[in-house]
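**Student:** What follows is run-v7.cif, mmCIF, C-alpha atoms.
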data_work
#
loop_
_atom_site.group_PDB
_atom_site.id
_atom_site.type_symbol
_atom_site.label_atom_id
_atom_site.label_comp_id
_atom_site.auth_asym_id
_atom_site.auth_seq_id
_atom_site.Cartn_x
_atom_site.Cartn_y
_atom_site.Cartn_z
ATOM 1 C CA MET A 1 -1.237 24.127 19.428
ATOM 2 C CA ASN A 2 -0.856 27.903 19.251
ATOM 3 C CA ALA A 3 -0.154 28.327 15.539
ATOM 4 C CA PRO A 4 -3.014 27.819 13.059
ATOM 5 C CA TYR A 5 -3.280 24.240 11.832
ATOM 6 C CA ASN A 6 -3.074 24.536 8.056
ATOM 7 C CA ILE A 7 -3.957 20.988 6.985
ATOM 8 C CA PRO A 8 -7.641 20.839 5.954
ATOM 9 C CA VAL A 9 -9.850 18.597 8.101
ATOM 10 C CA LEU A 10 -13.050 16.850 7.033
ATOM 11 C CA LEU A 11 -15.493 15.646 9.697
ATOM 12 C CA ILE A 12 -18.143 13.202 8.468
ATOM 13 C CA LEU A 13 -21.143 12.819 10.746
ATOM 14 C CA PHE A 14 -24.673 11.462 10.802
ATOM 15 C CA ASN A 15 -26.984 10.803 13.749
ATOM 16 C CA ARG A 16 -24.762 10.484 16.821
ATOM 17 C CA PRO A 17 -24.391 13.859 18.564
ATOM 18 C CA ASP A 18 -22.562 12.369 21.568
ATOM 19 C CA THR A 19 -19.764 10.669 19.628
ATOM 20 C CA THR A 20 -19.628 13.573 17.182
ATOM 21 C CA ARG A 21 -18.946 15.969 20.044
ATOM 22 C CA ARG A 22 -16.053 13.828 21.320
ATOM 23 C CA VAL A 23 -14.392 13.920 17.905
ATOM 24 C CA PHE A 24 -15.131 17.620 17.493
ATOM 25 C CA GLU A 25 -13.493 18.460 20.825
ATOM 26 C CA LYS A 26 -10.197 17.116 19.460
ATOM 27 C CA ILE A 27 -10.611 19.107 16.256
ATOM 28 C CA LYS A 28 -11.424 22.183 18.298
ATOM 29 C CA ALA A 29 -8.187 21.754 20.244
ATOM 30 C CA ILE A 30 -6.053 22.205 17.115
ATOM 31 C CA LYS A 31 -8.242 24.922 15.534
ATOM 32 C CA PRO A 32 -7.818 24.016 11.860
ATOM 33 C CA LYS A 33 -7.772 26.923 9.463
ATOM 34 C CA PHE A 34 -9.811 24.921 6.929
ATOM 35 C CA LEU A 35 -12.707 22.881 8.309
ATOM 36 C CA PHE A 36 -15.187 20.849 6.276
ATOM 37 C CA ILE A 37 -18.240 19.174 7.817
ATOM 38 C CA ALA A 38 -20.423 16.744 5.879
ATOM 39 C CA ALA A 39 -23.563 14.976 7.061
ATOM 40 C CA ASP A 40 -25.916 12.419 5.564
ATOM 41 C CA GLY A 41 -29.644 13.037 5.922
ATOM 42 C CA PRO A 42 -32.088 11.173 8.177
ATOM 43 C CA ARG A 43 -33.690 7.932 7.008
ATOM 44 C CA ILE A 44 -37.370 8.283 6.136
ATOM 45 C CA ASP A 45 -38.329 5.112 8.021
ATOM 46 C CA LYS A 46 -36.866 6.445 11.282
ATOM 47 C CA PRO A 47 -38.937 9.456 12.397
ATOM 48 C CA ASP A 48 -36.800 10.195 15.469
ATOM 49 C CA GLU A 49 -33.607 10.439 13.436
ATOM 50 C CA LYS A 50 -34.164 13.951 12.111
ATOM 51 C CA GLU A 51 -33.731 15.440 15.573
ATOM 52 C CA LEU A 52 -30.551 13.421 16.181
ATOM 53 C CA CYS A 53 -29.086 14.524 12.853
ATOM 54 C CA GLU A 54 -29.862 18.157 13.612
ATOM 55 C CA SER A 55 -28.296 17.828 17.054
ATOM 56 C CA ALA A 56 -25.105 16.375 15.566
ATOM 57 C CA ARG A 57 -24.933 19.170 12.996
ATOM 58 C CA SER A 58 -25.316 21.824 15.690
ATOM 59 C CA ILE A 59 -21.616 21.515 16.517
ATOM 60 C CA VAL A 60 -21.037 24.191 13.864
ATOM 61 C CA ASP A 61 -22.403 26.628 16.439
ATOM 62 C CA GLU A 62 -19.469 25.753 18.718
ATOM 63 C CA ILE A 63 -16.769 26.870 16.288
ATOM 64 C CA ASP A 64 -15.135 29.690 18.244
ATOM 65 C CA TRP A 65 -11.997 30.235 16.189
ATOM 66 C CA ASP A 66 -11.359 31.952 12.880
ATOM 67 C CA CYS A 67 -11.591 29.315 10.132
ATOM 68 C CA ASP A 68 -12.742 28.776 6.588
ATOM 69 C CA LEU A 69 -15.806 26.573 7.204
ATOM 70 C CA LYS A 70 -17.627 24.651 4.483
ATOM 71 C CA THR A 71 -20.615 22.385 5.077
ATOM 72 C CA PHE A 72 -22.324 19.705 3.008
ATOM 73 C CA PHE A 73 -25.554 18.816 4.795
ATOM 74 C CA ARG A 74 -27.870 16.460 2.925
ATOM 75 C CA THR A 75 -31.634 16.492 3.328
ATOM 76 C CA GLU A 76 -31.965 12.916 2.018
ATOM 77 C CA ASN A 77 -30.198 9.774 3.183
ATOM 78 C CA VAL A 78 -27.834 8.132 0.718
ATOM 79 C CA GLY A 79 -26.357 5.478 3.015
ATOM 80 C CA CYS A 80 -23.032 4.392 4.458
ATOM 81 C CA GLY A 81 -21.415 3.917 1.063
ATOM 82 C CA ARG A 82 -22.313 6.996 -0.933
ATOM 83 C CA GLY A 83 -22.570 9.246 2.123
ATOM 84 C CA PRO A 84 -18.919 9.196 3.258
ATOM 85 C CA SER A 85 -17.416 8.660 -0.199
ATOM 86 C CA GLU A 86 -19.294 11.570 -1.779
ATOM 87 C CA ALA A 87 -18.340 13.721 1.207
ATOM 88 C CA ILE A 88 -14.670 12.907 0.562
ATOM 89 C CA THR A 89 -15.109 13.646 -3.158
ATOM 90 C CA TRP A 90 -16.638 17.018 -2.220
ATOM 91 C CA PHE A 91 -13.706 17.638 0.153
ATOM 92 C CA PHE A 92 -11.148 17.059 -2.607
ATOM 93 C CA GLU A 93 -12.967 19.388 -4.959
ATOM 94 C CA HIS A 94 -11.603 22.114 -2.671
ATOM 95 C CA VAL A 95 -8.241 20.852 -1.356
ATOM 96 C CA GLU A 96 -5.159 18.910 -2.491
ATOM 97 C CA MET A 97 -4.583 17.016 0.767
ATOM 98 C CA GLY A 98 -6.356 16.558 4.043
ATOM 99 C CA ILE A 99 -7.454 14.602 7.100
ATOM 100 C CA ILE A 100 -10.684 12.562 7.198
ATOM 101 C CA LEU A 101 -12.397 11.839 10.518
ATOM 102 C CA GLU A 102 -15.724 10.113 10.998
ATOM 103 C CA ASP A 103 -17.997 10.734 13.955
ATOM 104 C CA ASP A 104 -16.797 7.674 15.882
ATOM 105 C CA CYS A 105 -13.034 7.997 15.421
ATOM 106 C CA VAL A 106 -11.486 10.063 18.218
ATOM 107 C CA PRO A 107 -7.902 11.122 17.463
ATOM 108 C CA SER A 108 -5.200 11.887 19.980
ATOM 109 C CA LEU A 109 -3.514 15.263 19.548
ATOM 110 C CA PRO A 110 -0.238 13.784 18.171
ATOM 111 C CA PHE A 111 -2.315 12.398 15.277
ATOM 112 C CA PHE A 112 -2.552 15.852 13.739
ATOM 113 C CA ASN A 113 1.196 16.613 13.770
ATOM 114 C CA TYR A 114 1.898 13.127 12.433
ATOM 115 C CA CYS A 115 -0.558 13.586 9.546
ATOM 116 C CA GLU A 116 0.831 17.021 8.719
ATOM 117 C CA LYS A 117 4.396 15.732 8.553
ATOM 118 C CA MET A 118 3.513 12.693 6.418
ATOM 119 C CA LEU A 119 1.206 14.571 4.061
ATOM 120 C CA ILE A 120 3.860 17.157 3.291
ATOM 121 C CA GLN A 121 6.764 14.700 3.176
ATOM 122 C CA TYR A 122 5.064 12.284 0.756
ATOM 123 C CA GLU A 123 2.926 14.744 -1.182
ATOM 124 C CA LYS A 124 4.672 14.063 -4.484
ATOM 125 C CA ASN A 125 5.374 10.372 -3.915
ATOM 126 C CA GLU A 126 2.726 8.370 -5.756
ATOM 127 C CA GLN A 127 3.679 5.168 -3.947
ATOM 128 C CA VAL A 128 2.096 6.484 -0.762
ATOM 129 C CA TRP A 129 -1.704 6.644 -0.650
ATOM 130 C CA ILE A 130 -2.865 6.613 2.957
ATOM 131 C CA VAL A 131 -1.570 8.099 6.193
ATOM 132 C CA SER A 132 -3.332 5.955 8.781
ATOM 133 C CA GLY A 133 -3.802 6.919 12.406
ATOM 134 C CA ARG A 134 -4.787 3.369 13.189
ATOM 135 C CA SER A 135 -2.207 0.828 14.354
ATOM 136 C CA HIS A 136 -3.464 -2.458 15.788
ATOM 137 C CA TYR A 137 -0.236 -4.238 16.582
ATOM 138 C CA THR A 138 2.075 -1.697 18.139
ATOM 139 C CA LYS A 139 3.949 -4.375 20.090
ATOM 140 C CA SER A 140 5.155 -5.991 16.880
ATOM 141 C CA ASN A 141 8.953 -6.133 16.751
ATOM 142 C CA GLN A 142 8.710 -4.562 13.282
ATOM 143 C CA PHE A 143 8.442 -1.217 15.093
ATOM 144 C CA ASN A 144 11.621 -1.762 17.117
ATOM 145 C CA THR A 145 13.720 0.479 14.883
ATOM 146 C CA VAL A 146 11.161 2.674 13.063
ATOM 147 C CA ASP A 147 8.313 4.960 14.072
ATOM 148 C CA TYR A 148 6.189 3.990 11.091
ATOM 149 C CA LEU A 149 6.193 1.438 8.303
ATOM 150 C CA PHE A 150 4.546 0.830 4.943
ATOM 151 C CA SER A 151 1.851 -1.741 4.299
ATOM 152 C CA ASN A 152 -0.639 -2.930 1.707
ATOM 153 C CA TYR A 153 -3.354 -2.793 4.367
ATOM 154 C CA ALA A 154 -5.556 0.264 3.843
ATOM 155 C CA LEU A 155 -6.565 1.343 7.349
ATOM 156 C CA THR A 156 -9.064 4.199 7.401
ATOM 157 C CA TRP A 157 -10.270 4.865 10.942
ATOM 158 C CA GLY A 158 -8.901 8.375 11.205
ATOM 159 C CA TRP A 159 -6.643 8.908 8.214
ATOM 160 C CA ALA A 160 -5.333 11.341 5.636
ATOM 161 C CA THR A 161 -4.719 11.273 1.909
ATOM 162 C CA TRP A 162 -4.253 13.374 -1.213
ATOM 163 C CA LYS A 163 -6.486 14.396 -4.091
ATOM 164 C CA ARG A 164 -4.047 12.611 -6.405
ATOM 165 C CA CYS A 165 -5.123 9.321 -4.784
ATOM 166 C CA TRP A 166 -8.831 9.921 -4.268
ATOM 167 C CA LYS A 167 -9.310 10.829 -7.952
ATOM 168 C CA HIS A 168 -8.994 7.093 -8.702
ATOM 169 C CA PHE A 169 -11.877 6.163 -6.407
ATOM 170 C CA ASP A 170 -14.676 4.097 -7.940
ATOM 171 C CA ILE A 171 -17.415 2.867 -5.642
ATOM 172 C CA HIS A 172 -18.307 0.106 -8.107
ATOM 173 C CA LEU A 173 -15.990 -2.859 -8.595
ATOM 174 C CA GLU A 174 -17.266 -3.976 -12.008
ATOM 175 C CA ASN A 175 -14.900 -1.740 -13.987
ATOM 176 C CA HIS A 176 -11.705 -3.498 -12.897
ATOM 177 C CA TRP A 177 -12.360 -6.507 -10.664
ATOM 178 C CA PRO A 178 -12.924 -9.210 -13.347
ATOM 179 C CA ASP A 179 -9.636 -8.514 -15.147
ATOM 180 C CA PHE A 180 -7.783 -8.045 -11.861
ATOM 181 C CA TYR A 181 -9.069 -11.385 -10.582
ATOM 182 C CA ARG A 182 -8.276 -13.243 -13.818
ATOM 183 C CA SER A 183 -4.695 -12.003 -13.637
ATOM 184 C CA GLY A 184 -4.237 -13.452 -10.142
ATOM 185 C CA GLY A 185 -5.859 -10.704 -8.098
ATOM 186 C CA TYR A 186 -4.674 -10.462 -4.518
ATOM 187 C CA LYS A 187 -2.213 -13.295 -4.945
ATOM 188 C CA ASN A 188 -0.118 -10.636 -6.700
ATOM 189 C CA VAL A 189 -0.508 -8.124 -3.858
ATOM 190 C CA TYR A 190 0.234 -10.117 -0.717
ATOM 191 C CA LEU A 191 3.257 -12.291 -0.154
ATOM 192 C CA SER A 192 1.554 -15.200 1.620
ATOM 193 C CA ARG A 193 -0.670 -17.486 -0.392
ATOM 194 C CA VAL A 194 -3.360 -17.607 2.286
ATOM 195 C CA GLU A 195 -3.722 -13.802 2.258
ATOM 196 C CA GLY A 196 -4.069 -13.788 -1.523
ATOM 197 C CA TYR A 197 -6.746 -16.484 -1.514
ATOM 198 C CA PHE A 198 -8.604 -14.890 1.387
ATOM 199 C CA TRP A 199 -8.829 -11.441 -0.217
ATOM 200 C CA ASN A 200 -9.708 -12.880 -3.632
ATOM 201 C CA PHE A 201 -12.567 -14.726 -1.947
ATOM 202 C CA PHE A 202 -13.616 -11.641 0.032
ATOM 203 C CA TYR A 203 -13.679 -9.296 -2.962
ATOM 204 C CA SER A 204 -15.390 -11.886 -5.184
ATOM 205 C CA ARG A 205 -18.271 -11.917 -2.700
ATOM 206 C CA LEU A 206 -18.242 -8.121 -2.488
ATOM 207 C CA TYR A 207 -18.322 -7.887 -6.291
ATOM 208 C CA ARG A 208 -21.509 -9.964 -6.424
ATOM 209 C CA GLU A 209 -23.409 -7.667 -4.042
ATOM 210 C CA LYS A 210 -26.104 -5.802 -5.956
ATOM 211 C CA ASN A 211 -26.373 -2.896 -3.512
ATOM 212 C CA LEU A 212 -22.668 -2.502 -2.832
ATOM 213 C CA ALA A 213 -22.608 1.296 -3.118
ATOM 214 C CA THR A 214 -25.303 1.736 -0.486
ATOM 215 C CA HIS A 215 -23.380 0.377 2.469
ATOM 216 C CA VAL A 216 -19.596 0.359 1.984
ATOM 217 C CA TRP A 217 -16.849 2.488 0.407
ATOM 218 C CA ASP A 218 -13.556 1.797 2.173
ATOM 219 C CA PHE A 219 -12.956 -1.621 0.615
ATOM 220 C CA GLN A 220 -13.407 -0.083 -2.830
ATOM 221 C CA PHE A 221 -10.822 2.590 -2.042
ATOM 222 C CA ALA A 222 -8.438 -0.099 -0.793
ATOM 223 C CA PHE A 223 -8.954 -1.915 -4.101
ATOM 224 C CA CYS A 224 -8.142 1.270 -6.052
ATOM 225 C CA MET A 225 -4.993 1.638 -3.967
ATOM 226 C CA HIS A 226 -3.926 -1.913 -4.765
ATOM 227 C CA LEU A 227 -4.643 -1.492 -8.478
ATOM 228 C CA ASN A 228 -2.165 1.386 -8.433
ATOM 229 C CA ARG A 229 0.371 -0.370 -6.154
ATOM 230 C CA GLY A 230 -0.145 2.208 -3.429
ATOM 231 C CA LEU A 231 0.855 1.810 0.215
ATOM 232 C CA THR A 232 -0.376 2.865 3.640
ATOM 233 C CA ILE A 233 1.751 4.483 6.352
ATOM 234 C CA ILE A 234 1.107 2.787 9.699
ATOM 235 C CA PRO A 235 2.415 4.496 12.859
ATOM 236 C CA ALA A 236 4.231 2.692 15.661
ATOM 237 C CA LYS A 237 1.589 3.940 18.111
ATOM 238 C CA ASN A 238 -2.162 3.783 17.722
ATOM 239 C CA LEU A 239 -3.512 7.339 17.429
ATOM 240 C CA ILE A 240 -7.254 6.691 17.017
ATOM 241 C CA LYS A 241 -9.831 5.455 19.511
ATOM 242 C CA ASN A 242 -12.905 3.986 17.824
ATOM 243 C CA ILE A 243 -16.036 4.635 19.876
ATOM 244 C CA GLY A 244 -18.504 3.422 17.252
ATOM 245 C CA CYS A 245 -19.662 0.185 18.843
ATOM 246 C CA ASP A 246 -23.276 1.222 18.226
ATOM 247 C CA GLY A 247 -22.754 2.165 14.591
ATOM 248 C CA THR A 248 -24.882 1.111 11.637
ATOM 249 C CA HIS A 249 -22.532 -1.669 10.580
ATOM 250 C CA PHE A 250 -21.193 -2.774 13.914
ATOM 251 C CA ALA A 251 -21.045 -6.572 14.009
ATOM 252 C CA GLY A 252 -19.626 -7.313 17.440
ATOM 253 C CA ALA A 253 -16.688 -6.318 19.584
ATOM 254 C CA THR A 254 -13.229 -6.977 18.200
ATOM 255 C CA LYS A 255 -9.897 -6.173 19.811
ATOM 256 C CA ALA A 256 -9.553 -3.151 17.517
ATOM 257 C CA LEU A 257 -12.374 -1.430 19.408
ATOM 258 C CA ASN A 258 -10.415 -1.720 22.648
ATOM 259 C CA LEU A 259 -7.376 0.148 21.367
ATOM 260 C CA ARG A 260 -6.470 3.357 23.150
ATOM 261 C CA ALA A 261 -5.136 6.392 21.344
ATOM 262 C CA SER A 262 -1.608 7.275 22.430
ATOM 263 C CA GLU A 263 -1.127 10.865 23.560
ATOM 264 C CA VAL A 264 2.656 10.615 23.134
ATOM 265 C CA PHE A 265 4.051 10.105 19.651
ATOM 266 C CA SER A 266 6.628 11.717 17.401
ATOM 267 C CA ILE A 267 8.634 10.577 14.420
ATOM 268 C CA GLU A 268 12.365 10.257 14.968
ATOM 269 C CA ASN A 269 13.264 7.035 13.161
ATOM 270 C CA GLU A 270 12.028 6.644 9.606
ATOM 271 C CA PRO A 271 12.146 3.561 7.357
ATOM 272 C CA THR A 272 14.939 3.581 4.802
ATOM 273 C CA TYR A 273 12.863 2.329 1.877
ATOM 274 C CA ILE A 274 9.271 2.750 0.745
ATOM 275 C CA LEU A 275 8.471 -0.957 0.646
ATOM 276 C CA PRO A 276 5.674 -2.977 2.283
ATOM 277 C CA ASN A 277 6.792 -4.644 5.486
ATOM 278 C CA ARG A 278 5.843 -8.253 4.718
ATOM 279 C CA ASN A 279 6.524 -9.569 8.206
ATOM 280 C CA TYR A 280 4.171 -6.987 9.690
ATOM 281 C CA GLU A 281 1.516 -7.719 7.064
ATOM 282 C CA LEU A 282 1.515 -11.429 7.816
ATOM 283 C CA TYR A 283 1.346 -10.695 11.544
ATOM 284 C CA HIS A 284 -1.525 -8.255 10.976
ATOM 285 C CA PHE A 285 -3.468 -10.657 8.760
ATOM 286 C CA THR A 286 -3.044 -13.639 11.046
ATOM 287 C CA HIS A 287 -4.185 -11.824 14.177
ATOM 288 C CA ASP A 288 -6.897 -9.762 12.522
ATOM 289 C CA PHE A 289 -8.305 -12.789 10.678
ATOM 290 C CA ILE A 290 -8.483 -14.867 13.848
ATOM 291 C CA ASP A 291 -10.077 -11.961 15.734
ATOM 292 C CA ARG A 292 -12.745 -11.509 13.073
ATOM 293 C CA LEU A 293 -13.364 -15.258 12.832
ATOM 294 C CA LEU A 294 -13.908 -15.540 16.582
ATOM 295 C CA THR A 295 -16.215 -12.518 16.527
ATOM 296 C CA PHE A 296 -18.212 -14.060 13.686
ATOM 297 C CA ILE A 297 -18.556 -17.350 15.567
ATOM 298 C CA ARG A 298 -19.644 -15.574 18.762
ATOM 299 C CA ASN A 299 -22.296 -13.601 16.874
ATOM 300 C CA ARG A 300 -23.657 -16.716 15.171
ATOM 301 C CA ILE A 301 -23.898 -18.517 18.513
ATOM 302 C CA ARG A 302 -25.747 -15.528 19.996
ATOM 303 C CA LYS A 303 -28.241 -15.552 17.142
ATOM 304 C CA ILE A 304 -28.859 -19.281 17.568
ATOM 305 C CA ILE A 305 -29.369 -18.875 21.320
ATOM 306 C CA ASN A 306 -31.780 -15.960 20.796
ATOM 307 C CA LYS A 307 -33.833 -18.025 18.357
ATOM 308 C CA VAL A 308 -34.052 -20.893 20.808
ATOM 309 C CA LYS A 309 -35.266 -18.649 23.666
#
Take the structure in this file and express it as structure tokens.

**Tutor:**
Amino acid sequence: MNAPYNIPVLLILFNRPDTTRRVFEKIKAIKPKFLFIAADGPRIDKPDEKELCESARSIVDEIDWDCDLKTFFRTENVGCGRGPSEAITWFFEHVEMGIILEDDCVPSLPFFNYCEKMLIQYEKNEQVWIVSGRSHYTKSNQFNTVDYLFSNYALTWGWATWKRCWKHFDIHLENHWPDFYRSGGYKNVYLSRVEGYFWNFFYSRLYREKNLATHVWDFQFAFCMHLNRGLTIIPAKNLIKNIGCDGTHFAGATKALNLRASEVFSIENEPTYILPNRNYELYHFTHDFIDRLLTFIRNRIRKIINKVK
């Protein structure tokens, strides 16, 4: 890309200099005019982590293009919930729209043009909340005639959004979940009964967690999106490679971690209506649910075997 890339980019990092550098190399290739870098602080019970965090942050020294750089480097550790979500809040204190990349989500170059087009095209459309770079089921026949579709699934491994959406974010579920659940909850969001029951069960468990804000944020943002009947744009090609198999919350290999990021993608055929593609959603849920269930079973078996040894 020769022209300056005018969409602001936020890079969220922590203690993995190697994966951080792989993501940064892609950012460096497009030379964004507005670059934001946020980092959580080292954990006090891990003395070797300070050096790793400093090494990851040192990528700022490799910025060799003219850009408006802002950094938000914490000295204390606030965890995997508050850390990313407060970084995104900080980001949207400065910009109206932008791309969010974490230190284990490596984008392909077409991801940036795709995000730019979608962010500008749907800037004023409050139905659209997320521009996802992640697409698990690109062989679905739902992509036969379109280059992207709309879904209720909020996919946030390499994504973009607007300040108008993030302003609704609430890391705590207690403000809305009880009333939402009493009114039917996710049975009113998803077409299939099994999806509705599954997500009601999932969020009911999440709601009961006392330390929710310390370790997760993306499910809460998805919930805010659903409260406001928002939708996600999902591309026909996967544009993000997740390399975070050693991350803090990694729970075992799933097929999603094997996805490659396509280096060839452009939008030529657009959907006619801004409506969730129910056939795709059911396909996504069925395959993703089975994948997660098998991963869970494999991990439980491993734990049992390790205890026996």

**Student:** Run through the PyMOL selection byres ((chain A and resi 231) around 8) on the given coordinates and return the selected residues as a compact mmCIF listing (two decimals) with C-alpha atoms, in the frame of the given file.

**Tutor:**
# COMPACT_ATOMS: atom_id res chain seq x y z
CA GLN A 127 3.68 5.17 -3.95
CA VAL A 128 2.10 6.48 -0.76
CA TRP A 129 -1.70 6.64 -0.65
CA ILE A 130 -2.86 6.61 2.96
CA PHE A 150 4.55 0.83 4.94
CA SER A 151 1.85 -1.74 4.30
CA ASN A 152 -0.64 -2.93 1.71
CA TYR A 153 -3.35 -2.79 4.37
CA ALA A 154 -5.56 0.26 3.84
CA MET A 225 -4.99 1.64 -3.97
CA HIS A 226 -3.93 -1.91 -4.76
CA ARG A 229 0.37 -0.37 -6.15
CA GLY A 230 -0.14 2.21 -3.43
CA THR A 232 -0.38 2.86 3.64
CA ILE A 233 1.75 4.48 6.35
CA PRO A 276 5.67 -2.98 2.28

**Student:** If the PyMOL selection byres ((chain A and resi 216) around 12) is run on the structure shown, which residues does it catch, given as a ChimeraX atom specification?

**Tutor:** /A:78-86,170-173,206-207,209-215,217-222,248-249

**Student:** Using the chain letters and numbers from the file, give me the residues hit by the PyMOL selection byres ((chain A and resi 148) around 8), as a list in words.

**Tutor:**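 Selected by the PyMOL selection byres ((chain A and resi 148) around 8) in this file: Phe143, Val146, Asp147, Leu149, Phe150, Ile233, Ile234, Pro235, Ala236, Ile267, Asn269, Glu270 and Pro271 of chain A.
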
**Student:** With a distance cut-off of 6 Å and all atoms listed in the file, select the neighbouring residues of region 70-76 of chain A, excluding the residue or stretch itself and same-chain residues fewer than 4 positions from it, and output the selection as a ChimeraX atom specification.

**Tutor:** /A:36-41

**Student:** Pick out the residues sitting within 10 Å of region 108-118 of chain A, and hand them over as a PyMOL selection string; count only C-alpha atoms, and ignore anything fewer than 4 positions along from it in its own chain.

**Tutor:** chain A and resi 1+5-9+23+26-27+29-30+32+97-99+122-123+128+130-134+158-161+233+235+237-241+260-267

**Student:** Those residues you just picked out, can you put them in a file as a PDB file, in the coordinates of the input with C-alpha atoms?

**Tutor:**
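File selection_11.pdb, as written:
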ATOM      1  CA  MET A   1      -1.237  24.127  19.428  1.00  0.00           C
ATOM      2  CA  TYR A   5      -3.280  24.240  11.832  1.00  0.00           C
ATOM      3  CA  ASN A   6      -3.074  24.536   8.056  1.00  0.00           C
ATOM      4  CA  ILE A   7      -3.957  20.988   6.985  1.00  0.00           C
ATOM      5  CA  PRO A   8      -7.641  20.839   5.954  1.00  0.00           C
ATOM      6  CA  VAL A   9      -9.850  18.597   8.101  1.00  0.00           C
ATOM      7  CA  VAL A  23     -14.392  13.920  17.905  1.00  0.00           C
ATOM      8  CA  LYS A  26     -10.197  17.116  19.460  1.00  0.00           C
ATOM      9  CA  ILE A  27     -10.611  19.107  16.256  1.00  0.00           C
ATOM     10  CA  ALA A  29      -8.187  21.754  20.244  1.00  0.00           C
ATOM     11  CA  ILE A  30      -6.053  22.205  17.115  1.00  0.00           C
ATOM     12  CA  PRO A  32      -7.818  24.016  11.860  1.00  0.00           C
ATOM     13  CA  MET A  97      -4.583  17.016   0.767  1.00  0.00           C
ATOM     14  CA  GLY A  98      -6.356  16.558   4.043  1.00  0.00           C
ATOM     15  CA  ILE A  99      -7.454  14.602   7.100  1.00  0.00           C
ATOM     16  CA  TYR A 122       5.064  12.284   0.756  1.00  0.00           C
ATOM     17  CA  GLU A 123       2.926  14.744  -1.182  1.00  0.00           C
ATOM     18  CA  VAL A 128       2.096   6.484  -0.762  1.00  0.00           C
ATOM     19  CA  ILE A 130      -2.865   6.613   2.957  1.00  0.00           C
ATOM     20  CA  VAL A 131      -1.570   8.099   6.193  1.00  0.00           C
ATOM     21  CA  SER A 132      -3.332   5.955   8.781  1.00  0.00           C
ATOM     22  CA  GLY A 133      -3.802   6.919  12.406  1.00  0.00           C
ATOM     23  CA  ARG A 134      -4.787   3.369  13.189  1.00  0.00           C
ATOM     24  CA  GLY A 158      -8.901   8.375  11.205  1.00  0.00           C
ATOM     25  CA  TRP A 159      -6.643   8.908   8.214  1.00  0.00           C
ATOM     26  CA  ALA A 160      -5.333  11.341   5.636  1.00  0.00           C
ATOM     27  CA  THR A 161      -4.719  11.273   1.909  1.00  0.00           C
ATOM     28  CA  ILE A 233       1.751   4.483   6.352  1.00  0.00           C
ATOM     29  CA  PRO A 235       2.415   4.496  12.859  1.00  0.00           C
ATOM     30  CA  LYS A 237       1.589   3.940  18.111  1.00  0.00           C
ATOM     31  CA  ASN A 238      -2.162   3.783  17.722  1.00  0.00           C
ATOM     32  CA  LEU A 239      -3.512   7.339  17.429  1.00  0.00           C
ATOM     33  CA  ILE A 240      -7.254   6.691  17.017  1.00  0.00           C
ATOM     34  CA  LYS A 241      -9.831   5.455  19.511  1.00  0.00           C
ATOM     35  CA  ARG A 260      -6.470   3.357  23.150  1.00  0.00           C
ATOM     36  CA  ALA A 261      -5.136   6.392  21.344  1.00  0.00           C
ATOM     37  CA  SER A 262      -1.608   7.275  22.430  1.00  0.00           C
ATOM     38  CA  GLU A 263      -1.127  10.865  23.560  1.00  0.00           C
ATOM     39  CA  VAL A 264       2.656  10.615  23.134  1.00  0.00           C
ATOM     40  CA  PHE A 265       4.051  10.105  19.651  1.00  0.00           C
ATOM     41  CA  SER A 266       6.628  11.717  17.401  1.00  0.00           C
ATOM     42  CA  ILE A 267       8.634  10.577  14.420  1.00  0.00           C
TER      43      ILE A 267
END

**Student:** Tell me which of A:Arg16, A:Arg298, A:Lys33, A:Arg21 sits closest to Leu52 (chain A), counting all atoms listed in the file.

**Tutor:**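 Among the listed residues, the smallest separation from Leu52 (chain A) belongs to A:Arg16.
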
**Student:** As an exercise, work out the distance from CA of Gln121 (chain A) to CA of Phe92 (chain A) in Å and give it to one decimal place.

**Tutor:**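 So the two atoms, CA of Gln121 (chain A) and CA of Phe92 (chain A), lie 19.0 Å apart.
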
**Student:** So how many Å separate CA of Asn77 (chain A) and CA of Lys167 (chain A), to one decimal?

**Tutor:**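 Computed distance, CA of Asn77 (chain A) to CA of Lys167 (chain A), equals 23.7 Å.
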
**Student:** What is the distance, in Å and to one decimal place, between CA of Tyr283 (chain A) and CA of Cys105 (chain A)?

**Tutor:**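 Between these atoms lies a distance of 23.9 Å.
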
**Student:** Using all atoms listed in the file, pick whichever of A:Tyr190, A:Phe296, A:Tyr280, A:Phe91 has the shortest atom-to-atom distance to Thr138 (chain A).

**Tutor:**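 Of the candidates, the smallest distance to Thr138 (chain A) is held by A:Tyr280.
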
**Student:** For region 201-205 of chain A, supply N, CA and C atoms and report the output as a PDB file, in the coordinates of the input.

**Tutor:**
ATOM      1  N   PHE A 201     -11.253 -14.222  -2.339  1.00  0.00           N
ATOM      2  CA  PHE A 201     -12.567 -14.726  -1.947  1.00  0.00           C
ATOM      3  C   PHE A 201     -13.433 -13.592  -1.419  1.00  0.00           C
ATOM      4  N   PHE A 202     -12.868 -12.750  -0.569  1.00  0.00           N
ATOM      5  CA  PHE A 202     -13.616 -11.641   0.032  1.00  0.00           C
ATOM      6  C   PHE A 202     -14.139 -10.690  -1.041  1.00  0.00           C
ATOM      7  N   TYR A 203     -13.260 -10.265  -1.958  1.00  0.00           N
ATOM      8  CA  TYR A 203     -13.679  -9.296  -2.962  1.00  0.00           C
ATOM      9  C   TYR A 203     -14.595  -9.929  -4.018  1.00  0.00           C
ATOM     10  N   SER A 204     -14.468 -11.219  -4.262  1.00  0.00           N
ATOM     11  CA  SER A 204     -15.390 -11.886  -5.184  1.00  0.00           C
ATOM     12  C   SER A 204     -16.809 -11.835  -4.641  1.00  0.00           C
ATOM     13  N   ARG A 205     -16.950 -12.023  -3.336  1.00  0.00           N
ATOM     14  CA  ARG A 205     -18.271 -11.917  -2.700  1.00  0.00           C
ATOM     15  C   ARG A 205     -18.773 -10.469  -2.741  1.00  0.00           C
TER      16      ARG A 205
END
